[in-house]
file query12.pdb (PDB, C-alpha atoms, pLDDT in the B column)
MODEL        1
ATOM      1  CA  MET A 151     134.792 109.550  88.855  1.00 77.00           C
ATOM      2  CA  PRO A 152     136.065 109.149  92.421  1.00 85.00           C
ATOM      3  CA  THR A 153     138.192 106.162  93.345  1.00 87.00           C
ATOM      4  CA  VAL A 154     137.172 104.170  96.412  1.00 83.00           C
ATOM      5  CA  THR A 155     139.332 101.555  98.074  1.00 89.00           C
ATOM      6  CA  ILE A 156     137.683  98.935 100.267  1.00 87.00           C
ATOM      7  CA  ALA A 157     138.883  95.786 101.983  1.00 92.00           C
ATOM      8  CA  ILE A 158     136.718  92.742 101.289  1.00 89.00           C
ATOM      9  CA  PRO A 159     136.999  89.126 102.403  1.00 93.00           C
ATOM     10  CA  ASP A 160     138.841  86.743 100.074  1.00 94.00           C
ATOM     11  CA  ASP A 161     135.731  84.678  99.327  1.00 94.00           C
ATOM     12  CA  LEU A 162     133.825  87.778  98.216  1.00 89.00           C
ATOM     13  CA  SER A 163     136.757  88.893  96.089  1.00 89.00           C
ATOM     14  CA  ILE A 164     136.686  85.547  94.288  1.00 93.00           C
ATOM     15  CA  GLN A 165     132.933  85.880  93.677  1.00 92.00           C
ATOM     16  CA  LEU A 166     133.357  89.409  92.313  1.00 89.00           C
ATOM     17  CA  ASP A 167     136.280  88.590  90.040  1.00 90.00           C
ATOM     18  CA  PRO A 168     134.144  87.736  86.968  1.00 92.00           C
ATOM     19  CA  TYR A 169     132.388  91.113  87.357  1.00 89.00           C
ATOM     20  CA  ARG A 170     135.534  93.209  87.781  1.00 88.00           C
ATOM     21  CA  ASP A 171     134.881  95.180  84.569  1.00 90.00           C
ATOM     22  CA  THR A 172     131.273  95.924  85.520  1.00 92.00           C
ATOM     23  CA  LEU A 173     131.680  96.430  89.253  1.00 87.00           C
ATOM     24  CA  ALA A 174     130.001  99.861  89.182  1.00 88.00           C
ATOM     25  CA  GLU A 175     126.842  98.285  87.733  1.00 91.00           C
ATOM     26  CA  VAL A 176     126.952  95.476  90.313  1.00 89.00           C
ATOM     27  CA  LEU A 177     127.138  98.081  93.087  1.00 88.00           C
ATOM     28  CA  ARG A 178     124.276 100.079  91.559  1.00 90.00           C
ATOM     29  CA  ILE A 179     122.035  96.997  91.405  1.00 91.00           C
ATOM     30  CA  ASP A 180     122.894  95.914  94.928  1.00 91.00           C
ATOM     31  CA  LEU A 181     122.409  99.422  96.307  1.00 93.00           C
ATOM     32  CA  GLN A 182     118.926  99.489  94.804  1.00 93.00           C
ATOM     33  CA  GLU A 183     118.200  96.120  96.432  1.00 94.00           C
ATOM     34  CA  VAL A 184     119.400  97.441  99.799  1.00 95.00           C
ATOM     35  CA  LYS A 185     117.184 100.528  99.455  1.00 96.00           C
ATOM     36  CA  LYS A 186     114.216  98.335  98.512  1.00 96.00           C
ATOM     37  CA  ALA A 187     114.767  96.056 101.506  1.00 96.00           C
ATOM     38  CA  GLN A 188     115.145  99.052 103.817  1.00 97.00           C
ATOM     39  CA  GLY A 189     111.979 100.665 102.473  1.00 96.00           C
ATOM     40  CA  LEU A 190     109.979  97.459 102.828  1.00 96.00           C
ATOM     41  CA  ALA A 191     111.259  96.926 106.375  1.00 96.00           C
ATOM     42  CA  LEU A 192     110.287 100.469 107.405  1.00 96.00           C
ATOM     43  CA  TYR A 193     106.862 100.004 105.775  1.00 93.00           C
ATOM     44  CA  LYS A 194     106.349  96.667 107.540  1.00 93.00           C
ATOM     45  CA  GLN A 195     107.256  98.276 110.892  1.00 94.00           C
ATOM     46  CA  GLY A 196     104.774 101.081 110.250  1.00 91.00           C
ATOM     47  CA  HIS A 197     107.438 103.806 110.148  1.00 94.00           C
ATOM     48  CA  LEU A 198     106.737 104.781 106.535  1.00 91.00           C
ATOM     49  CA  SER A 199     103.813 104.700 104.177  1.00 89.00           C
ATOM     50  CA  LEU A 200     104.286 102.514 101.126  1.00 89.00           C
ATOM     51  CA  TRP A 201     104.525 105.666  99.015  1.00 88.00           C
ATOM     52  CA  LYS A 202     107.376 107.047 101.151  1.00 92.00           C
ATOM     53  CA  ALA A 203     109.075 103.651 101.163  1.00 94.00           C
ATOM     54  CA  ALA A 204     108.875 103.638  97.366  1.00 95.00           C
ATOM     55  CA  ARG A 205     110.441 107.101  97.192  1.00 94.00           C
ATOM     56  CA  LEU A 206     113.231 106.034  99.543  1.00 94.00           C
ATOM     57  CA  ALA A 207     113.954 103.019  97.358  1.00 94.00           C
ATOM     58  CA  GLY A 208     113.673 104.900  94.073  1.00 94.00           C
ATOM     59  CA  PHE A 209     110.634 102.976  92.834  1.00 95.00           C
ATOM     60  CA  SER A 210     107.192 104.043  91.699  1.00 92.00           C
ATOM     61  CA  LEU A 211     104.300 103.223  94.012  1.00 88.00           C
ATOM     62  CA  ARG A 212     103.178 100.533  91.583  1.00 89.00           C
ATOM     63  CA  GLU A 213     106.624  98.868  91.583  1.00 94.00           C
ATOM     64  CA  MET A 214     106.901  99.035  95.371  1.00 94.00           C
ATOM     65  CA  THR A 215     103.417  97.573  95.722  1.00 92.00           C
ATOM     66  CA  GLN A 216     104.511  94.628  93.590  1.00 94.00           C
ATOM     67  CA  HIS A 217     107.628  94.163  95.733  1.00 94.00           C
ATOM     68  CA  ALA A 218     105.563  94.351  98.933  1.00 95.00           C
ATOM     69  CA  VAL A 219     103.118  91.727  97.651  1.00 93.00           C
ATOM     70  CA  ALA A 220     106.044  89.514  96.599  1.00 94.00           C
ATOM     71  CA  HIS A 221     107.301  89.731 100.203  1.00 93.00           C
ATOM     72  CA  ASP A 222     103.854  88.768 101.560  1.00 94.00           C
ATOM     73  CA  LEU A 223     103.219  92.221 103.006  1.00 92.00           C
ATOM     74  CA  ARG A 224      99.676  93.479 103.237  1.00 88.00           C
ATOM     75  CA  VAL A 225      99.357  96.565 101.085  1.00 87.00           C
ATOM     76  CA  HIS A 226      97.238  99.495 102.147  1.00 77.00           C
ATOM     77  CA  VAL A 227      97.468 102.617 100.063  1.00 69.00           C
ATOM     78  CA  ALA A 228      95.367 105.649 100.906  1.00 71.00           C
ATOM     79  CA  GLU A 229      93.250 107.144  98.148  1.00 75.00           C
ATOM     80  CA  GLU A 230      95.086 110.457  98.547  1.00 73.00           C
ATOM     81  CA  THR A 231      98.420 108.719  97.986  1.00 68.00           C
ATOM     82  CA  ILE A 232      97.139 107.189  94.767  1.00 70.00           C
ATOM     83  CA  ARG A 233      96.036 110.641  93.559  1.00 76.00           C
ATOM     84  CA  GLU A 234      99.478 112.081  94.401  1.00 72.00           C
ATOM     85  CA  GLU A 235     101.199 109.245  92.537  1.00 66.00           C
ATOM     86  CA  LEU A 236      99.056 109.781  89.449  1.00 73.00           C
ATOM     87  CA  ALA A 237      99.553 113.576  89.429  1.00 69.00           C
TER      88      ALA A 237
ENDMDL
END

call {"tool": "encode", "arguments": {"input": "query12.pdb", "output": "structure tokens"}}
result
Amino acid sequence: MPTVTIAIPDDLSIQLDPYRDTLAEVLRIDLQEVKKAQGLALYKQGHLSLWKAARLAGFSLREMTQHAVAHDLRVHVAEETIREELA
């Protein structure tokens, strides 16, 4: 496993201290949240379909639809996209 060294602010270091032994998992969870937020933002702006946003974020179309609804985004999924997702 590669070793990465980063400089972080003192207040963030204090917040991360209890998770020092599970920092890789914390990063994995937060990275998934960042990808989800990025996918939803691109979908909202009309740059990506919801299906492509889901793929970018690593979610199924169903999961991304739930996230979009939770963020008060109007969901429009083409019938062809649904067929592709179910295939």

call {"tool": "residues_around", "arguments": {"input": "query12.pdb", "residues": "stretch 199-213 of chain A", "least_positions_apart": "2", "cutoff": "12 Å", "atoms": "all atoms listed in the file", "output": "PyMOL selection string"}}
result
chain A and resi 178-197+215-220+223-236

call {"tool": "atom_distance", "arguments": {"input": "query12.pdb", "atom1": "atom CA of A:Pro159", "atom2": "atom CA of A:Glu175"}}
result
20.1 Å

call {"tool": "axis_aligned_box", "arguments": {"input": "query12.pdb", "around": "stretch 186-191 of chain A", "padding_each_side": "5 Å", "output": "AutoDock Vina command-line options"}}
result
--center_x 112.6 --center_y 98.4 --center_z 102.4 --size_x 15.2 --size_y 14.6 --size_z 17.9

call {"tool": "atom_distance", "arguments": {"input": "query12.pdb", "atom1": "atom CA of A:Ser163", "atom2": "atom CA of A:Met151"}}
result
22.0 Å

call {"tool": "atom_distance", "arguments": {"input": "query12.pdb", "atom1": "atom CA of A:Asp167", "atom2": "atom CA of A:Thr153"}}
result
18.0 Å

call {"tool": "build_atoms", "arguments": {"input": "query12.pdb", "residues": "stretch 178-189 of chain A", "atoms": "N, CA, C and O atoms", "output": "PDB file, in the coordinates of the input"}}
result
ATOM      1  N   ARG A 178     125.528  99.355  91.783  1.00 90.00           N
ATOM      2  CA  ARG A 178     124.276 100.079  91.559  1.00 90.00           C
ATOM      3  C   ARG A 178     123.065  99.164  91.796  1.00 90.00           C
ATOM      4  O   ARG A 178     122.105  99.533  92.479  1.00 90.00           O
ATOM      5  N   ILE A 179     123.133  97.963  91.243  1.00 91.00           N
ATOM      6  CA  ILE A 179     122.035  96.997  91.405  1.00 91.00           C
ATOM      7  C   ILE A 179     121.875  96.618  92.874  1.00 91.00           C
ATOM      8  O   ILE A 179     120.755  96.617  93.399  1.00 91.00           O
ATOM      9  N   ASP A 180     122.976  96.320  93.526  1.00 91.00           N
ATOM     10  CA  ASP A 180     122.894  95.914  94.928  1.00 91.00           C
ATOM     11  C   ASP A 180     122.439  97.058  95.824  1.00 91.00           C
ATOM     12  O   ASP A 180     121.702  96.842  96.783  1.00 91.00           O
ATOM     13  N   LEU A 181     122.856  98.278  95.523  1.00 93.00           N
ATOM     14  CA  LEU A 181     122.409  99.422  96.307  1.00 93.00           C
ATOM     15  C   LEU A 181     120.897  99.587  96.181  1.00 93.00           C
ATOM     16  O   LEU A 181     120.203  99.850  97.164  1.00 93.00           O
ATOM     17  N   GLN A 182     120.370  99.390  94.993  1.00 93.00           N
ATOM     18  CA  GLN A 182     118.926  99.489  94.804  1.00 93.00           C
ATOM     19  C   GLN A 182     118.209  98.401  95.601  1.00 93.00           C
ATOM     20  O   GLN A 182     117.161  98.643  96.192  1.00 93.00           O
ATOM     21  N   GLU A 183     118.787  97.205  95.645  1.00 94.00           N
ATOM     22  CA  GLU A 183     118.200  96.120  96.432  1.00 94.00           C
ATOM     23  C   GLU A 183     118.218  96.446  97.923  1.00 94.00           C
ATOM     24  O   GLU A 183     117.256  96.155  98.641  1.00 94.00           O
ATOM     25  N   VAL A 184     119.298  97.052  98.389  1.00 95.00           N
ATOM     26  CA  VAL A 184     119.400  97.441  99.799  1.00 95.00           C
ATOM     27  C   VAL A 184     118.338  98.495 100.125  1.00 95.00           C
ATOM     28  O   VAL A 184     117.657  98.411 101.152  1.00 95.00           O
ATOM     29  N   LYS A 185     118.194  99.487  99.239  1.00 96.00           N
ATOM     30  CA  LYS A 185     117.184 100.528  99.455  1.00 96.00           C
ATOM     31  C   LYS A 185     115.781  99.938  99.465  1.00 96.00           C
ATOM     32  O   LYS A 185     114.928 100.324 100.265  1.00 96.00           O
ATOM     33  N   LYS A 186     115.525  98.984  98.562  1.00 96.00           N
ATOM     34  CA  LYS A 186     114.216  98.335  98.512  1.00 96.00           C
ATOM     35  C   LYS A 186     113.951  97.588  99.813  1.00 96.00           C
ATOM     36  O   LYS A 186     112.877  97.725 100.404  1.00 96.00           O
ATOM     37  N   ALA A 187     114.929  96.822 100.266  1.00 96.00           N
ATOM     38  CA  ALA A 187     114.767  96.056 101.506  1.00 96.00           C
ATOM     39  C   ALA A 187     114.550  96.988 102.697  1.00 96.00           C
ATOM     40  O   ALA A 187     113.705  96.720 103.566  1.00 96.00           O
ATOM     41  N   GLN A 188     115.284  98.085 102.734  1.00 97.00           N
ATOM     42  CA  GLN A 188     115.145  99.052 103.817  1.00 97.00           C
ATOM     43  C   GLN A 188     113.745  99.689 103.783  1.00 97.00           C
ATOM     44  O   GLN A 188     113.091  99.806 104.817  1.00 97.00           O
ATOM     45  N   GLY A 189     113.307 100.078 102.608  1.00 96.00           N
ATOM     46  CA  GLY A 189     111.979 100.665 102.473  1.00 96.00           C
ATOM     47  C   GLY A 189     110.880  99.703 102.889  1.00 96.00           C
ATOM     48  O   GLY A 189     109.945 100.080 103.609  1.00 96.00           O
TER      49      GLY A 189
END
